[in-house]
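So this one's run-v6.cif, mmCIF, C-alpha atoms:
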data_final
#
loop_
_atom_site.group_PDB
_atom_site.id
_atom_site.type_symbol
_atom_site.label_atom_id
_atom_site.label_comp_id
_atom_site.auth_asym_id
_atom_site.auth_seq_id
_atom_site.Cartn_x
_atom_site.Cartn_y
_atom_site.Cartn_z
ATOM 1 C CA PRO A 1 86.439 -86.361 45.592
ATOM 2 C CA PRO A 2 84.087 -84.202 47.529
ATOM 3 C CA ARG A 3 80.803 -83.438 45.815
ATOM 4 C CA LYS A 4 80.086 -79.898 44.790
ATOM 5 C CA ILE A 5 76.763 -78.758 46.095
ATOM 6 C CA LEU A 6 75.098 -76.031 44.068
ATOM 7 C CA ALA A 7 72.894 -73.595 45.860
ATOM 8 C CA PRO A 8 69.371 -73.569 44.478
ATOM 9 C CA THR A 9 68.552 -70.656 42.261
ATOM 10 C CA PRO A 10 65.858 -68.568 43.879
ATOM 11 C CA VAL A 11 62.702 -68.489 41.908
ATOM 12 C CA LEU A 12 61.223 -65.001 41.766
ATOM 13 C CA PRO A 13 57.472 -64.757 41.673
ATOM 14 C CA SER A 14 56.322 -63.976 38.218
ATOM 15 C CA GLU A 15 54.617 -60.618 37.696
ATOM 16 C CA PRO A 16 51.038 -60.865 36.724
ATOM 17 C CA SER A 17 50.680 -60.581 33.037
ATOM 18 C CA VAL A 18 48.991 -57.437 32.032
ATOM 19 C CA LYS A 19 47.175 -57.571 28.787
ATOM 20 C CA ALA A 20 47.178 -54.318 27.033
ATOM 21 C CA GLU A 21 43.680 -53.487 26.411
ATOM 22 C CA VAL A 22 43.214 -51.584 23.266
ATOM 23 C CA GLU A 23 40.338 -49.252 23.599
ATOM 24 C CA LYS A 24 38.106 -49.317 20.636
ATOM 25 C CA PRO A 25 37.461 -45.855 19.264
ATOM 26 C CA LYS A 26 34.037 -44.617 20.174
ATOM 27 C CA PRO A 27 31.871 -43.834 17.234
ATOM 28 C CA ALA A 28 31.812 -40.124 16.600
ATOM 29 C CA SER A 29 28.564 -38.421 17.443
ATOM 30 C CA PRO A 30 26.745 -37.424 14.314
ATOM 31 C CA LYS A 31 27.247 -33.769 13.556
ATOM 32 C CA VAL A 32 23.983 -31.962 13.818
ATOM 33 C CA GLU A 33 23.835 -29.021 11.518
ATOM 34 C CA LYS A 34 21.745 -26.127 12.623
ATOM 35 C CA VAL A 35 19.097 -25.550 10.049
ATOM 36 C CA GLU A 36 17.544 -22.145 10.051
ATOM 37 C CA THR A 37 13.859 -22.165 9.485
ATOM 38 C CA VAL A 38 12.867 -19.782 6.752
ATOM 39 C CA GLU A 39 9.274 -18.749 6.983
ATOM 40 C CA ALA A 40 7.499 -18.265 3.729
ATOM 41 C CA PRO A 41 6.537 -14.622 3.202
ATOM 42 C CA VAL A 42 2.958 -13.932 4.039
ATOM 43 C CA GLN A 43 1.093 -12.756 1.022
ATOM 44 C CA PRO A 44 -0.767 -9.557 1.857
ATOM 45 C CA GLU A 45 -4.479 -9.761 1.537
ATOM 46 C CA SER A 46 -6.313 -7.476 -0.788
ATOM 47 C CA PRO A 47 -6.563 -4.081 0.881
ATOM 48 C CA ARG A 48 -9.933 -3.425 2.400
ATOM 49 C CA VAL A 49 -11.529 -0.288 3.728
ATOM 50 C CA HIS A 50 -10.759 -0.206 7.438
ATOM 51 C CA ARG A 51 -14.121 1.192 8.440
ATOM 52 C CA SER A 52 -17.350 1.858 6.644
ATOM 53 C CA LEU A 53 -19.012 5.222 6.947
ATOM 54 C CA SER A 54 -22.745 5.537 6.792
ATOM 55 C CA VAL A 55 -24.159 7.340 3.800
ATOM 56 C CA ASP A 56 -24.825 10.948 4.704
ATOM 57 C CA SER A 57 -28.069 12.349 3.350
ATOM 58 C CA LYS A 58 -26.160 15.520 2.442
ATOM 59 C CA LEU A 59 -23.324 13.675 0.693
ATOM 60 C CA SER A 60 -24.490 14.798 -2.738
ATOM 61 C CA GLY A 61 -23.825 18.404 -1.734
ATOM 62 C CA VAL A 62 -20.325 17.874 -0.325
ATOM 63 C CA TYR A 63 -17.580 19.489 -2.439
ATOM 64 C CA ILE A 64 -20.173 20.194 -5.113
ATOM 65 C CA ASP A 65 -18.277 23.106 -6.691
ATOM 66 C CA ALA A 66 -15.648 22.592 -9.365
ATOM 67 C CA PRO A 67 -12.990 25.001 -10.687
ATOM 68 C CA SER A 68 -14.234 27.945 -12.746
ATOM 69 C CA GLY A 69 -17.772 27.360 -11.533
ATOM 70 C CA ARG A 70 -18.154 24.100 -13.459
ATOM 71 C CA GLN A 71 -20.280 21.248 -12.264
ATOM 72 C CA PRO A 72 -18.190 18.441 -10.741
ATOM 73 C CA LEU A 73 -18.810 16.088 -13.638
ATOM 74 C CA ALA A 74 -19.014 18.587 -16.485
ATOM 75 C CA LEU A 75 -16.718 18.290 -19.451
ATOM 76 C CA ALA A 76 -12.994 18.274 -18.812
ATOM 77 C CA PRO A 77 -11.398 21.706 -18.245
ATOM 78 C CA GLN A 78 -10.895 23.491 -21.532
ATOM 79 C CA SER A 79 -8.355 26.040 -20.276
ATOM 80 C CA GLU A 80 -6.047 23.534 -18.566
ATOM 81 C CA ALA A 81 -3.633 21.157 -20.232
ATOM 82 C CA PRO A 82 -3.867 17.543 -19.045
ATOM 83 C CA VAL A 83 -1.132 16.414 -16.677
ATOM 84 C CA GLY A 84 -0.971 12.963 -18.208
ATOM 85 C CA SER A 85 -2.555 10.384 -20.471
ATOM 86 C CA GLU A 86 -2.288 6.627 -20.672
ATOM 87 C CA THR A 87 -3.623 3.769 -22.783
ATOM 88 C CA LEU A 88 -5.034 0.826 -20.852
ATOM 89 C CA ALA A 89 -4.675 -2.308 -22.963
ATOM 90 C CA ALA A 90 -7.230 -5.134 -23.019
ATOM 91 C CA MET A 91 -9.866 -3.050 -21.240
ATOM 92 C CA ASP A 92 -13.291 -1.718 -22.097
ATOM 93 C CA ILE A 93 -15.550 0.938 -20.634
ATOM 94 C CA ALA A 94 -17.864 -1.536 -18.918
ATOM 95 C CA GLY A 95 -14.915 -3.297 -17.279
ATOM 96 C CA ILE A 96 -13.445 0.019 -16.117
ATOM 97 C CA ALA A 97 -16.746 1.080 -14.541
ATOM 98 C CA ALA A 98 -17.149 -2.271 -12.782
ATOM 99 C CA LYS A 99 -13.594 -2.037 -11.428
ATOM 100 C CA LEU A 100 -14.129 1.468 -10.093
ATOM 101 C CA GLN A 101 -17.308 0.401 -8.307
ATOM 102 C CA SER A 102 -15.798 -2.742 -6.742
ATOM 103 C CA GLU A 103 -15.501 -2.748 -2.954
ATOM 104 C CA ASN A 104 -11.713 -3.010 -2.615
ATOM 105 C CA TRP A 105 -10.457 -0.970 -5.572
ATOM 106 C CA LEU A 106 -10.563 2.405 -3.833
ATOM 107 C CA ALA A 107 -8.684 1.286 -0.715
ATOM 108 C CA LYS A 108 -6.019 -0.393 -2.858
ATOM 109 C CA PHE A 109 -5.655 2.734 -5.013
ATOM 110 C CA LEU A 110 -5.268 5.023 -1.997
ATOM 111 C CA GLN A 111 -2.728 2.731 -0.339
ATOM 112 C CA GLN A 112 -0.606 2.488 -3.482
ATOM 113 C CA ALA A 113 -0.928 6.042 -4.788
ATOM 114 C CA LYS A 114 -1.185 8.003 -1.522
ATOM 115 C CA GLN A 115 0.394 5.598 1.027
ATOM 116 C CA ALA A 116 -2.904 6.049 2.864
ATOM 117 C CA THR A 117 -3.712 4.526 6.248
ATOM 118 C CA ASP A 118 -6.759 4.542 8.521
ATOM 119 C CA ILE A 119 -9.102 4.474 5.526
ATOM 120 C CA SER A 120 -12.842 4.876 6.004
ATOM 121 C CA ALA A 121 -15.374 5.155 3.206
ATOM 122 C CA THR A 122 -19.059 5.280 2.425
ATOM 123 C CA PRO A 123 -20.399 2.901 -0.217
ATOM 124 C CA TRP A 124 -21.138 4.272 -3.657
ATOM 125 C CA SER A 125 -24.574 5.893 -3.703
ATOM 126 C CA ALA A 126 -26.664 7.662 -6.315
ATOM 127 C CA SER A 127 -26.357 11.426 -6.330
ATOM 128 C CA LYS A 128 -29.491 13.339 -5.478
ATOM 129 C CA ARG A 129 -28.348 16.305 -7.555
ATOM 130 C CA SER A 130 -27.204 14.716 -10.818
ATOM 131 C CA ALA A 131 -28.935 11.802 -12.528
ATOM 132 C CA GLY A 132 -26.701 8.848 -13.268
ATOM 133 C CA VAL A 133 -23.879 10.107 -11.039
ATOM 134 C CA MET A 134 -22.472 7.925 -8.243
ATOM 135 C CA VAL A 135 -20.793 9.592 -5.261
ATOM 136 C CA ARG A 136 -18.571 8.282 -2.488
ATOM 137 C CA LYS A 137 -16.829 9.959 0.470
ATOM 138 C CA VAL A 138 -13.519 8.739 1.891
ATOM 139 C CA THR A 139 -11.376 9.823 4.837
ATOM 140 C CA PHE A 140 -7.795 8.687 5.384
ATOM 141 C CA THR A 141 -4.370 9.720 6.658
ATOM 142 C CA THR A 142 -1.457 10.239 4.272
ATOM 143 C CA PRO A 143 2.202 11.350 4.563
ATOM 144 C CA VAL A 144 3.007 14.964 3.721
ATOM 145 C CA PRO A 145 5.871 15.408 1.216
ATOM 146 C CA GLN A 146 8.921 16.954 2.866
ATOM 147 C CA ASP A 147 10.890 17.845 -0.283
ATOM 148 C CA PHE A 148 10.171 21.571 -0.098
ATOM 149 C CA PRO A 149 12.860 24.278 -0.266
ATOM 150 C CA ARG A 150 14.315 25.163 3.129
ATOM 151 C CA ALA A 151 13.126 28.732 2.700
ATOM 152 C CA VAL A 152 9.550 27.421 2.668
ATOM 153 C CA THR A 153 9.963 25.044 5.612
ATOM 154 C CA ARG A 154 11.367 27.899 7.710
ATOM 155 C CA LEU A 155 8.218 29.922 7.163
ATOM 156 C CA VAL A 156 5.640 27.202 7.753
ATOM 157 C CA ASN A 157 5.583 24.166 9.966
ATOM 158 C CA LEU A 158 4.817 21.132 7.818
ATOM 159 C CA PRO A 159 3.369 18.097 9.595
ATOM 160 C CA MET A 160 4.651 14.621 8.801
ATOM 161 C CA GLU A 161 1.147 13.456 7.898
ATOM 162 C CA THR A 162 -2.305 14.891 7.394
ATOM 163 C CA LYS A 163 -5.906 13.782 7.569
ATOM 164 C CA VAL A 164 -7.678 13.982 4.229
ATOM 165 C CA THR A 165 -11.301 14.048 3.139
ATOM 166 C CA ALA A 166 -11.988 13.087 -0.470
ATOM 167 C CA VAL A 167 -15.224 12.926 -2.453
ATOM 168 C CA PHE A 168 -15.286 10.760 -5.586
ATOM 169 C CA ARG A 169 -17.895 11.143 -8.321
ATOM 170 C CA MET A 170 -18.350 8.849 -11.289
ATOM 171 C CA HIS A 171 -20.646 9.081 -14.296
ATOM 172 C CA GLN A 172 -20.776 6.151 -16.706
ATOM 173 C CA GLN A 173 -21.905 7.108 -20.189
ATOM 174 C CA PRO A 174 -22.255 4.888 -23.278
ATOM 175 C CA ASP A 175 -18.966 6.080 -24.774
ATOM 176 C CA ARG A 176 -16.950 7.181 -21.723
ATOM 177 C CA VAL A 177 -16.538 7.229 -17.954
ATOM 178 C CA LEU A 178 -16.054 10.529 -16.140
ATOM 179 C CA LEU A 179 -14.357 10.375 -12.743
ATOM 180 C CA THR A 180 -13.608 13.327 -10.465
ATOM 181 C CA VAL A 181 -12.242 13.594 -6.935
ATOM 182 C CA GLN A 182 -11.715 16.532 -4.599
ATOM 183 C CA PHE A 183 -9.140 16.303 -1.814
ATOM 184 C CA CYS A 184 -9.003 18.488 1.290
ATOM 185 C CA SER A 185 -5.866 18.120 3.451
ATOM 186 C CA HIS A 186 -6.940 19.289 6.888
ATOM 187 C CA ASP A 187 -3.615 19.444 8.750
ATOM 188 C CA VAL A 188 -1.352 21.231 6.253
ATOM 189 C CA PRO A 189 -1.036 25.035 6.513
ATOM 190 C CA TYR A 190 -4.178 26.690 5.091
ATOM 191 C CA GLY A 191 -5.405 23.232 4.145
ATOM 192 C CA GLU A 192 -9.023 24.169 4.815
ATOM 193 C CA ASN A 193 -8.768 27.021 2.302
ATOM 194 C CA PHE A 194 -8.053 25.051 -0.858
ATOM 195 C CA HIS A 195 -9.001 21.771 -2.534
ATOM 196 C CA ILE A 196 -7.218 19.658 -5.134
ATOM 197 C CA HIS A 197 -9.636 18.794 -7.939
ATOM 198 C CA GLU A 198 -8.699 15.885 -10.213
ATOM 199 C CA SER A 199 -10.625 14.924 -13.345
ATOM 200 C CA MET A 200 -10.236 11.831 -15.488
ATOM 201 C CA VAL A 201 -11.919 10.936 -18.753
ATOM 202 C CA LEU A 202 -11.782 7.336 -19.958
ATOM 203 C CA LYS A 203 -12.778 6.685 -23.578
ATOM 204 C CA PRO A 204 -12.503 3.669 -25.888
ATOM 205 C CA GLY A 205 -9.207 3.485 -27.752
ATOM 206 C CA PHE A 206 -7.940 1.308 -30.591
ATOM 207 C CA CYS A 207 -7.769 -2.488 -30.487
ATOM 208 C CA ASP A 208 -9.771 -3.127 -27.319
ATOM 209 C CA SER A 209 -8.075 -0.462 -25.216
ATOM 210 C CA VAL A 210 -9.137 2.536 -23.150
ATOM 211 C CA ASP A 211 -7.530 5.977 -23.304
ATOM 212 C CA ALA A 212 -7.311 7.755 -19.935
ATOM 213 C CA THR A 213 -6.650 11.506 -19.708
ATOM 214 C CA ARG A 214 -6.155 13.292 -16.371
ATOM 215 C CA TRP A 215 -6.291 16.911 -15.218
ATOM 216 C CA VAL A 216 -5.355 18.427 -11.836
ATOM 217 C CA GLU A 217 -6.550 21.845 -10.637
ATOM 218 C CA VAL A 218 -6.288 23.810 -7.390
ATOM 219 C CA MET A 219 -9.381 25.492 -5.984
ATOM 220 C CA TRP A 220 -8.979 28.381 -3.524
#
I need this file expressed as structure tokens, please.
Amino acid sequence: PPRKILAPTPVLPSEPSVKAEVEKPKPASPKVEKVETVEAPVQPESPRVHRSLSVDSKLSGVYIDAPSGRQPLALAPQSEAPVGSETLAAMDIAGIAAKLQSENWLAKFLQQAKQATDISATPWSASKRSAGVMVRKVTFTTPVPQDFPRAVTRLVNLPMETKVTAVFRMHQQPDRVLLTVQFCSHDVPYGENFHIHESMVLKPGFCDSVDATRWVEVMW
């Protein structure tokens, strides 16, 4: 019988094998947190007098008068009631006097009590009029209170601040310290026509304390 011839099966070229490459995950970049820098608050230095004034030879005669014709460091006013009193614990008269005469106490007091700026002061000097009395002159600028009735502010023009001249006098005695100060506010209406006269008497109290009594008077 005739032989059956089979046609050869065509061989197709094989496709190149493609290996699936698995990409490795890239490591995540480290998250950088924004850190805010907090600066430590700067501690204010002890207040100092901005400028020093030379001692005037006539300083002893500045603001020499006191209310009712008294001497500046005479006894406390007898006809006026004190505006306040306070007991200072763990203090003595010698310590009070030393504190009052220290270089930076006055500037610190004016900044805290009067919100004063542009402070200038003479050093303490001995009075030429009164034995044992120390005197000191200070100039500064301070805000003017604005809490007046509207009826008043319509009549007068109040400045936001005023220049002030103050003369401090101190007399240390064995059993007390007398301190007076006269203020003149130059820029307020009629400020040159009146002075504020403050007196303070500091005496030993009980149990190592000092009693402080204060008077305030207006001089026209």
* Contacts of Ala66 of chain A within 12 Å, only C-alpha atoms, excl. fewer than 2 positions in-chain, as a ChimeraX atom specification -> /A:61-64,68-77,167,169,180-183,194-199,216-220
* **Selection result for the PyMOL selection byres ((chain A and resi 141) around 8) on this file, as a ChimeraX atom specification** => /A:116-119,139-140,142-143,161-164
* On this structure, which residues satisfy the PyMOL selection byres ((chain A and resi 89) around 12), written as JSON, numbers by chain? -> {"A": [86, 87, 88, 90, 91, 92, 93, 95, 96, 204, 205, 206, 207, 208, 209, 210, 211, 212]}
* Gap from atom CA of Leu158 of chain A to atom CA of Phe109 of chain A - Å, one decimal -> 24.8 Å
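The nearest approach to Ala98 of chain A among the residues A:Ala131, A:Ala151, A:Met170, A:Cys184, with only C-alpha atoms taken into account, belongs to A:Met170.
Each of A:Ala81, A:Val156, A:Ala121, A:Leu202 was compared to Leu178 of chain A using only C-alpha atoms, and A:Leu202 turns out to be the nearest.
Note that atom CA of Leu110 of chain A and atom CA of Val188 of chain A are 18.6 Å apart.
Taking atom CA of Pro82 of chain A as the reference point, atom CA of Arg214 of chain A is found at 5.5 Å.
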Put a box with edges along x, y and z around all the listed atoms of segment 165-181 of chain A, pad it by 3 Å on each side, then give me its centre and sizes in Å, one decimal, as lines of an AutoDock Vina configuration file.
center_x = -16.8
center_y = 9.5
center_z = -10.8
size_x = 17.0
size_y = 15.2
size_z = 33.9
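Each of A:Ala126, A:Ala166, A:Ala94, A:Met160 was checked against Val138 of chain A using only C-alpha atoms; the smallest atom-to-atom distance is that of A:Ala166.
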* Structure fact -> Closest of A:Ser79, A:Ser102, A:Ser60, A:Ser85 to Val201 of chain A, counting all atoms listed in the file, is A:Ser85
* To do: Can you turn the PyMOL selection byres ((chain A and resi 189) around 10) into a concrete residue list for this file, as number ranges by chain?
  => A: 156-159, 185-188, 190-193
With C-alpha atoms retained, could you export that selection as a PDB file, in the frame of the given file?
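result-v5.pdb was written with the following content:
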ATOM      1  CA  VAL A 156       5.640  27.202   7.753  1.00  0.00           C
ATOM      2  CA  ASN A 157       5.583  24.166   9.966  1.00  0.00           C
ATOM      3  CA  LEU A 158       4.817  21.132   7.818  1.00  0.00           C
ATOM      4  CA  PRO A 159       3.369  18.097   9.595  1.00  0.00           C
ATOM      5  CA  SER A 185      -5.866  18.120   3.451  1.00  0.00           C
ATOM      6  CA  HIS A 186      -6.940  19.289   6.888  1.00  0.00           C
ATOM      7  CA  ASP A 187      -3.615  19.444   8.750  1.00  0.00           C
ATOM      8  CA  VAL A 188      -1.352  21.231   6.253  1.00  0.00           C
ATOM      9  CA  TYR A 190      -4.178  26.690   5.091  1.00  0.00           C
ATOM     10  CA  GLY A 191      -5.405  23.232   4.145  1.00  0.00           C
ATOM     11  CA  GLU A 192      -9.023  24.169   4.815  1.00  0.00           C
ATOM     12  CA  ASN A 193      -8.768  27.021   2.302  1.00  0.00           C
TER      13      ASN A 193
END
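Of the listed residues (A:Lys58, A:Lys108, A:Arg176, A:Arg154), A:Lys58 comes nearest to Arg136 of chain A; the distances count all atoms listed in the file.
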